[in-house]
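Q: Enclosed is the structure file work.cif (mmCIF, C-alpha atoms).
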```
data_data
#
loop_
_atom_site.label_atom_id
_atom_site.label_comp_id
_atom_site.auth_asym_id
_atom_site.auth_seq_id
_atom_site.Cartn_x
_atom_site.Cartn_y
_atom_site.Cartn_z
CA MET A 1 95.04 102.72 233.79
CA VAL A 2 96.00 99.05 233.38
CA VAL A 3 92.52 97.93 234.43
CA SER A 4 90.92 100.31 231.95
CA ILE A 5 93.03 98.86 229.12
CA LEU A 6 92.21 95.35 230.34
CA HIS A 7 88.52 96.21 230.20
CA ARG A 8 88.81 97.04 226.53
CA ALA A 9 91.09 94.11 225.69
CA THR A 10 88.92 91.56 227.49
CA GLY A 11 85.83 93.10 225.88
CA VAL A 12 87.30 92.59 222.41
CA ALA A 13 88.34 89.03 223.33
CA LEU A 14 84.84 88.24 224.61
CA SER A 15 83.22 89.79 221.54
CA PHE A 16 85.12 87.64 219.07
CA ALA A 17 86.42 84.53 220.85
CA GLY A 18 83.80 84.42 223.60
CA LEU A 19 80.68 84.92 221.50
CA GLY A 20 82.19 82.94 218.62
CA ILE A 21 82.73 79.93 220.87
CA LEU A 22 79.30 80.39 222.49
CA ALA A 23 77.66 80.27 219.04
CA TRP A 24 79.79 77.26 218.02
CA TRP A 25 78.99 75.45 221.29
CA LEU A 26 75.23 76.00 220.95
CA PHE A 27 75.20 75.08 217.28
CA ALA A 28 77.22 71.91 217.94
CA LEU A 29 74.85 71.02 220.80
CA SER A 30 71.87 71.33 218.46
CA ASN A 31 73.52 69.53 215.58
CA GLY A 32 73.84 65.93 216.77
CA PRO A 33 76.45 63.80 218.56
CA GLU A 34 79.10 64.06 215.84
CA ALA A 35 79.10 67.84 215.79
CA TYR A 36 79.23 67.92 219.58
CA SER A 37 82.13 65.48 219.83
CA THR A 38 84.09 67.69 217.40
CA PHE A 39 83.43 70.59 219.75
CA THR A 40 84.37 68.71 222.93
CA LYS A 41 87.53 67.38 221.30
CA ALA A 42 88.63 70.92 220.56
CA ALA A 43 87.45 72.23 223.95
CA THR A 44 89.28 69.56 225.98
CA HIS A 45 92.49 69.75 223.93
CA PRO A 46 95.19 71.51 226.03
CA LEU A 47 95.15 74.47 223.64
CA GLY A 48 91.36 74.58 223.75
CA LEU A 49 91.46 74.58 227.55
CA VAL A 50 93.92 77.48 227.52
CA VAL A 51 91.52 79.43 225.27
CA LEU A 52 88.49 78.59 227.47
CA ILE A 53 90.33 79.50 230.67
CA GLY A 54 91.42 82.74 229.00
CA ILE A 55 87.85 83.53 228.00
CA SER A 56 86.50 82.78 231.46
CA TRP A 57 89.16 85.04 233.00
CA SER A 58 88.26 87.73 230.44
CA PHE A 59 84.62 87.33 231.42
CA PHE A 60 85.28 87.78 235.15
CA GLN A 61 87.73 90.63 234.59
CA HIS A 62 85.34 92.44 232.23
CA LEU A 63 82.43 91.86 234.61
CA LEU A 64 84.28 93.20 237.65
CA SER A 65 85.87 96.17 235.88
CA GLY A 66 82.48 96.76 234.26
CA ILE A 67 80.93 97.08 237.71
CA ARG A 68 83.76 99.47 238.58
CA HIS A 69 82.96 101.57 235.51
CA LEU A 70 79.25 101.64 236.39
CA VAL A 71 80.12 102.87 239.88
CA MET A 72 82.41 105.53 238.40
CA ASP A 73 79.70 106.55 235.89
CA SER A 74 77.62 107.45 238.92
CA GLY A 75 80.37 109.87 239.93
CA ALA A 76 81.64 107.80 242.84
CA ALA A 77 85.02 106.24 243.67
CA PHE A 78 87.22 108.83 241.97
CA GLU A 79 89.38 109.35 245.07
CA LEU A 80 92.87 108.08 244.24
CA GLY A 81 93.08 105.54 247.05
CA VAL A 82 89.59 104.10 246.62
CA ASN A 83 89.98 104.04 242.86
CA LYS A 84 93.26 102.17 242.99
CA THR A 85 92.02 99.65 245.55
CA PHE A 86 88.94 98.97 243.46
CA ALA A 87 91.10 98.52 240.35
CA ILE A 88 93.41 96.04 242.07
CA LEU A 89 90.43 94.17 243.51
CA THR A 90 89.03 93.56 240.02
CA ILE A 91 92.24 91.73 239.06
CA VAL A 92 92.48 89.78 242.31
CA GLY A 93 88.78 88.88 242.03
CA SER A 94 88.94 87.79 238.40
CA VAL A 95 91.96 85.54 239.02
CA LEU A 96 90.35 83.96 242.10
CA LEU A 97 87.01 83.40 240.36
CA THR A 98 88.71 81.87 237.32
CA ALA A 99 90.78 79.55 239.54
CA ALA A 100 87.70 78.52 241.54
CA LEU A 101 85.66 77.86 238.38
CA TRP A 102 88.31 75.64 236.81
CA PHE A 103 89.23 73.83 240.00
CA TYR A 104 85.58 72.88 240.15
CA LEU A 105 85.06 72.14 236.44
CA LEU A 106 88.20 70.01 236.16
CA GLY A 107 87.25 68.15 239.30
CA VAL A 108 90.33 69.21 241.24
CA ALA A 109 88.17 70.26 244.19
CA LYS A 110 86.11 67.09 244.30
CA MET B 1 73.35 119.08 217.43
CA SER B 2 74.83 121.54 219.87
CA ARG B 3 78.53 122.17 220.11
CA GLY B 4 79.56 123.99 223.23
CA GLU B 5 76.66 126.42 223.64
CA SER B 6 74.24 124.45 225.77
CA ALA B 7 73.57 125.15 229.42
CA THR B 8 73.71 121.53 230.49
CA PRO B 9 76.79 119.29 230.70
CA LEU B 10 75.24 116.70 228.37
CA GLY B 11 74.29 119.40 225.88
CA ARG B 12 77.84 120.73 225.86
CA VAL B 13 79.40 117.41 224.91
CA ARG B 14 76.83 116.21 222.41
CA GLY B 15 78.41 115.94 218.99
CA LEU B 16 81.93 115.86 220.40
CA GLY B 17 84.21 112.87 220.94
CA SER B 18 85.70 110.59 218.37
CA ALA B 19 82.34 109.30 217.11
CA HIS B 20 80.67 112.78 216.97
CA ASN B 21 77.44 111.40 218.39
CA GLY B 22 76.36 108.66 220.72
CA GLY B 23 74.54 109.66 223.91
CA GLU B 24 72.05 106.88 223.19
CA HIS B 25 74.86 104.50 222.28
CA TRP B 26 76.61 105.22 225.57
CA LEU B 27 73.43 104.59 227.54
CA THR B 28 72.51 101.42 225.61
CA GLU B 29 75.95 100.01 226.32
CA ARG B 30 75.38 100.47 230.04
CA VAL B 31 71.82 99.16 230.04
CA THR B 32 72.88 96.01 228.20
CA SER B 33 75.82 95.64 230.60
CA ILE B 34 73.43 95.48 233.55
CA ALA B 35 71.36 92.80 231.80
CA LEU B 36 74.56 90.87 231.08
CA LEU B 37 75.64 91.13 234.70
CA PHE B 38 72.64 88.94 235.54
CA LEU B 39 72.66 86.74 232.43
CA GLY B 40 76.42 86.10 232.61
CA THR B 41 76.14 85.14 236.26
CA TRP B 42 73.24 82.88 235.32
CA LEU B 43 75.34 81.10 232.68
CA VAL B 44 78.29 80.48 235.01
CA ALA B 45 76.01 79.37 237.86
CA SER B 46 74.12 77.04 235.51
CA LEU B 47 77.30 75.43 234.22
CA LEU B 48 78.38 74.87 237.83
CA LEU B 49 75.02 73.46 238.95
CA ILE B 50 74.41 71.14 236.01
CA PRO B 51 75.45 67.68 237.21
CA GLN B 52 77.18 66.66 233.98
CA LEU B 53 78.32 68.68 231.00
CA ASP B 54 77.50 66.04 228.40
CA GLN B 55 75.33 66.71 225.36
CA ARG B 56 72.22 65.01 226.71
CA THR B 57 72.16 66.89 230.02
CA LEU B 58 72.91 70.20 228.32
CA ILE B 59 70.11 69.70 225.80
CA GLU B 60 67.70 68.91 228.64
CA TRP B 61 68.80 72.13 230.33
CA LEU B 62 68.33 74.25 227.20
CA ARG B 63 65.09 72.61 226.22
CA ALA B 64 63.29 73.89 229.32
CA PRO B 65 62.00 77.49 229.18
CA SER B 66 64.15 78.23 232.24
CA GLY B 67 67.20 77.46 230.10
CA ALA B 68 66.13 78.54 226.62
CA ILE B 69 64.79 81.98 227.53
CA PRO B 70 67.78 83.28 229.53
CA MET B 71 70.09 81.84 226.87
CA ALA B 72 68.20 83.66 224.10
CA LEU B 73 68.39 86.87 226.14
CA LEU B 74 72.10 86.32 226.75
CA ILE B 75 72.64 85.97 222.99
CA ILE B 76 70.62 89.10 222.15
CA PHE B 77 72.14 91.30 224.87
CA GLY B 78 75.60 89.78 224.43
CA PHE B 79 75.88 90.43 220.71
CA ARG B 80 74.32 93.88 221.06
CA HIS B 81 76.72 94.83 223.85
CA ALA B 82 79.69 93.42 221.90
CA LEU B 83 78.71 95.39 218.80
CA ASP B 84 78.37 98.59 220.85
CA GLY B 85 81.68 97.97 222.61
CA VAL B 86 83.74 97.10 219.55
CA LYS B 87 82.27 100.13 217.74
CA VAL B 88 83.89 102.33 220.40
CA VAL B 89 87.25 100.72 219.64
CA VAL B 90 86.75 101.21 215.89
CA ASP B 91 85.75 104.86 216.40
CA ASP B 92 88.85 105.41 218.53
CA TYR B 93 91.39 103.82 216.22
CA VAL B 94 90.01 104.04 212.66
CA HIS B 95 90.11 107.69 211.65
CA GLU B 96 89.30 107.59 207.96
CA GLU B 97 85.55 107.91 207.36
CA GLY B 98 85.35 105.27 204.62
CA SER B 99 87.24 102.53 206.42
CA ARG B 100 85.38 103.30 209.64
CA PHE B 101 82.11 102.74 207.78
CA ALA B 102 83.50 99.51 206.29
CA TRP B 103 84.61 98.22 209.71
CA ASN B 104 81.34 99.07 211.39
CA THR B 105 79.38 97.43 208.55
CA LEU B 106 81.49 94.28 208.72
CA LEU B 107 81.07 94.11 212.50
CA LEU B 108 77.31 94.64 212.23
CA PHE B 109 77.05 91.72 209.79
CA LEU B 110 79.25 89.56 212.05
CA ALA B 111 77.17 90.34 215.13
CA ILE B 112 73.81 89.75 213.46
CA GLY B 113 75.12 86.62 211.76
CA GLY B 114 76.55 85.20 214.98
CA ALA B 115 73.39 86.00 216.92
CA ALA B 116 71.25 84.34 214.22
CA ILE B 117 73.32 81.13 214.37
CA ALA B 118 73.19 81.01 218.17
CA LEU B 119 69.46 81.80 218.36
CA PHE B 120 68.69 79.23 215.68
CA ALA B 121 70.58 76.61 217.69
CA VAL B 122 68.66 77.43 220.89
CA ALA B 123 65.34 77.34 219.00
CA ARG B 124 66.21 74.00 217.43
CA ILE B 125 66.98 72.57 220.86
CA ALA B 126 64.00 74.18 222.63
CA PHE B 127 61.48 73.15 219.99
CA GLY B 128 62.79 69.65 220.14
CA ALA B 129 63.86 68.79 216.60
CA ILE B 130 66.58 66.63 218.16
CA ALA B 131 66.37 64.09 220.92
#
```
How would this structure read if it were set down as structure tokens?
A:
Amino acid sequence: MVVSILHRATGVALSFAGLGILAWWLFALSNGPEAYSTFTKAATHPLGLVVLIGISWSFFQHLLSGIRHLVMDSGAAFELGVNKTFAILTIVGSVLLTAALWFYLLGVAK
Amino acid sequence: MSRGESATPLGRVRGLGSAHNGGEHWLTERVTSIALLFLGTWLVASLLLIPQLDQRTLIEWLRAPSGAIPMALLIIFGFRHALDGVKVVVDDYVHEEGSRFAWNTLLLFLAIGGAAIALFAVARIAFGAIA
């Protein structure tokens, strides 16, 4: 139930914030050093980082619960226990993947 | 469009649901999701493998076909999947026919506009207008 709502919420977040920032990032990249430094200033600002971390978590959560939905579309994993375990695993997985990504990107792991 | 008289499960539900159509839409959403499973993983892996995330290195990465082509595909499948997904939300929560049409039109323009900007940027990088 919660994971299903999260799938929709993270999907909406990715559609607007995720793709919006992707388009901005690519356009800034193609538009010279000034445009790109405006982007990196925003992206490395604490608020910008919070948004980027949120988007990356949304991406992993949506990806994992998306896999879960594809499995369920095939008619599998409807047993209560399996279903619940799978749902919880999507959250555990998305949090771990997000943490690993940012530990690496921010150089904490180096 | 059949409503409840068909022999098959798909036939029985066609025309029902909050959107009143959409077997193709449902399938497209899943097909694009599988493409994005690969393309999204590619993007994250690329960002992790690129030695430095500065403008120069990133442009080098996107200038090569191995960067530009998956990125273009990610943009096309990403915006298409987003449009399909958000349409489901609109169909679920906007009940009045006129405003539903307005929302879906607005979202279509947003998606095509966003995809155009992103694809233009990739093309500009790939075709080397900038150093």
Q: Report as a list of chain:residue names the full result of the PyMOL selection byres ((chain A) within 6 of (chain B)) when it is applied to this structure.
A: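 So the PyMOL selection byres ((chain A) within 6 of (chain B)) ends up selecting A:Ser15, A:Ala23, A:Leu26, A:Phe27, A:Ser30.
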Q: Which residues, named as in the file, does the PyMOL selection byres ((chain A and resi 21) around 12) pick out? Answer as a PyMOL selection string.
A: (chain A and resi 13-20+22-29+39-40+42-43+48+51-52+55-56) or (chain B and resi 75+114-115+117-118)
Q: What would the file look like if the residues just selected were written as a PDB file, keeping the file's coordinate frame with C-alpha atoms?
A:
```pdb
ATOM      1  CA  ALA A  13      88.340  89.030 223.330  1.00  0.00           C
ATOM      2  CA  LEU A  14      84.840  88.240 224.610  1.00  0.00           C
ATOM      3  CA  SER A  15      83.220  89.790 221.540  1.00  0.00           C
ATOM      4  CA  PHE A  16      85.120  87.640 219.070  1.00  0.00           C
ATOM      5  CA  ALA A  17      86.420  84.530 220.850  1.00  0.00           C
ATOM      6  CA  GLY A  18      83.800  84.420 223.600  1.00  0.00           C
ATOM      7  CA  LEU A  19      80.680  84.920 221.500  1.00  0.00           C
ATOM      8  CA  GLY A  20      82.190  82.940 218.620  1.00  0.00           C
ATOM      9  CA  LEU A  22      79.300  80.390 222.490  1.00  0.00           C
ATOM     10  CA  ALA A  23      77.660  80.270 219.040  1.00  0.00           C
ATOM     11  CA  TRP A  24      79.790  77.260 218.020  1.00  0.00           C
ATOM     12  CA  TRP A  25      78.990  75.450 221.290  1.00  0.00           C
ATOM     13  CA  LEU A  26      75.230  76.000 220.950  1.00  0.00           C
ATOM     14  CA  PHE A  27      75.200  75.080 217.280  1.00  0.00           C
ATOM     15  CA  ALA A  28      77.220  71.910 217.940  1.00  0.00           C
ATOM     16  CA  LEU A  29      74.850  71.020 220.800  1.00  0.00           C
ATOM     17  CA  PHE A  39      83.430  70.590 219.750  1.00  0.00           C
ATOM     18  CA  THR A  40      84.370  68.710 222.930  1.00  0.00           C
ATOM     19  CA  ALA A  42      88.630  70.920 220.560  1.00  0.00           C
ATOM     20  CA  ALA A  43      87.450  72.230 223.950  1.00  0.00           C
ATOM     21  CA  GLY A  48      91.360  74.580 223.750  1.00  0.00           C
ATOM     22  CA  VAL A  51      91.520  79.430 225.270  1.00  0.00           C
ATOM     23  CA  LEU A  52      88.490  78.590 227.470  1.00  0.00           C
ATOM     24  CA  ILE A  55      87.850  83.530 228.000  1.00  0.00           C
ATOM     25  CA  SER A  56      86.500  82.780 231.460  1.00  0.00           C
TER      26      SER A  56
ATOM     27  CA  ILE B  75      72.640  85.970 222.990  1.00  0.00           C
ATOM     28  CA  GLY B 114      76.550  85.200 214.980  1.00  0.00           C
ATOM     29  CA  ALA B 115      73.390  86.000 216.920  1.00  0.00           C
ATOM     30  CA  ILE B 117      73.320  81.130 214.370  1.00  0.00           C
ATOM     31  CA  ALA B 118      73.190  81.010 218.170  1.00  0.00           C
TER      32      ALA B 118
END
```
Q: Could you state which residues are captured by the PyMOL selection byres ((chain A and resi 58) around 12) in this file, as an mmCIF file with C-alpha atoms, in the coordinates of the input?
A:
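Resulting contents of part_15.cif:
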```
data_model
loop_
_atom_site.group_PDB
_atom_site.id
_atom_site.type_symbol
_atom_site.label_atom_id
_atom_site.label_comp_id
_atom_site.auth_asym_id
_atom_site.auth_seq_id
_atom_site.Cartn_x
_atom_site.Cartn_y
_atom_site.Cartn_z
ATOM 1 C CA VAL A 3 92.520 97.930 234.430
ATOM 2 C CA LEU A 6 92.210 95.350 230.340
ATOM 3 C CA HIS A 7 88.520 96.210 230.200
ATOM 4 C CA ARG A 8 88.810 97.040 226.530
ATOM 5 C CA ALA A 9 91.090 94.110 225.690
ATOM 6 C CA THR A 10 88.920 91.560 227.490
ATOM 7 C CA GLY A 11 85.830 93.100 225.880
ATOM 8 C CA VAL A 12 87.300 92.590 222.410
ATOM 9 C CA ALA A 13 88.340 89.030 223.330
ATOM 10 C CA LEU A 14 84.840 88.240 224.610
ATOM 11 C CA SER A 15 83.220 89.790 221.540
ATOM 12 C CA PHE A 16 85.120 87.640 219.070
ATOM 13 C CA ALA A 17 86.420 84.530 220.850
ATOM 14 C CA GLY A 18 83.800 84.420 223.600
ATOM 15 C CA VAL A 51 91.520 79.430 225.270
ATOM 16 C CA LEU A 52 88.490 78.590 227.470
ATOM 17 C CA ILE A 53 90.330 79.500 230.670
ATOM 18 C CA GLY A 54 91.420 82.740 229.000
ATOM 19 C CA ILE A 55 87.850 83.530 228.000
ATOM 20 C CA SER A 56 86.500 82.780 231.460
ATOM 21 C CA TRP A 57 89.160 85.040 233.000
ATOM 22 C CA PHE A 59 84.620 87.330 231.420
ATOM 23 C CA PHE A 60 85.280 87.780 235.150
ATOM 24 C CA GLN A 61 87.730 90.630 234.590
ATOM 25 C CA HIS A 62 85.340 92.440 232.230
ATOM 26 C CA LEU A 63 82.430 91.860 234.610
ATOM 27 C CA LEU A 64 84.280 93.200 237.650
ATOM 28 C CA SER A 65 85.870 96.170 235.880
ATOM 29 C CA GLY A 66 82.480 96.760 234.260
ATOM 30 C CA THR A 90 89.030 93.560 240.020
ATOM 31 C CA ILE A 91 92.240 91.730 239.060
ATOM 32 C CA GLY A 93 88.780 88.880 242.030
ATOM 33 C CA SER A 94 88.940 87.790 238.400
ATOM 34 C CA VAL A 95 91.960 85.540 239.020
ATOM 35 C CA LEU A 97 87.010 83.400 240.360
ATOM 36 C CA THR A 98 88.710 81.870 237.320
#
```
Q: Please indicate the distance in Å from CA of Lys84 in chain A to CA of His69 in chain A, rounded to one decimal place.
A: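 Interatomic distance here is 12.7 Å.
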Q: In Å, rounded to a single decimal, give me how far CA of Pro46 in chain A is from CA of Leu101 in chain A.
A: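 If I compute the distance from CA of Leu101 in chain A to CA of Pro46 in chain A, I get 16.8 Å.
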Q: Could you jot down the CA of Leu89 in chain A to CA of Tyr104 in chain A separation for me, Å, one decimal place?
A: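 Computing the Euclidean distance for CA of Leu89 in chain A and CA of Tyr104 in chain A yields 22.1 Å.
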Q: Write out as a list in words the residues lying within 12 Å of range 91-102 of chain B, counting only C-alpha atoms and excluding same-chain residues fewer than 4 positions away.
A: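 Neighbouring residues, sequence-local ones excluded: Arg8 of chain A; Gly17, Ser18, Ala19, His20, Asn21, Gly22, Asp84, Gly85, Val86, Lys87, Leu106, Leu107, Leu108 and Phe109 of chain B.
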Q: Would you give the centre and edge lengths, in Å to one decimal, of a box along x, y and z around the listed atoms of range 18-33 of chain A, with 4 Å added to each side, as lines of an AutoDock Vina configuration file?
A:
```
center_x = 77.8
center_y = 74.4
center_z = 219.6
size_x = 19.9
size_y = 29.1
size_z = 16.0
```
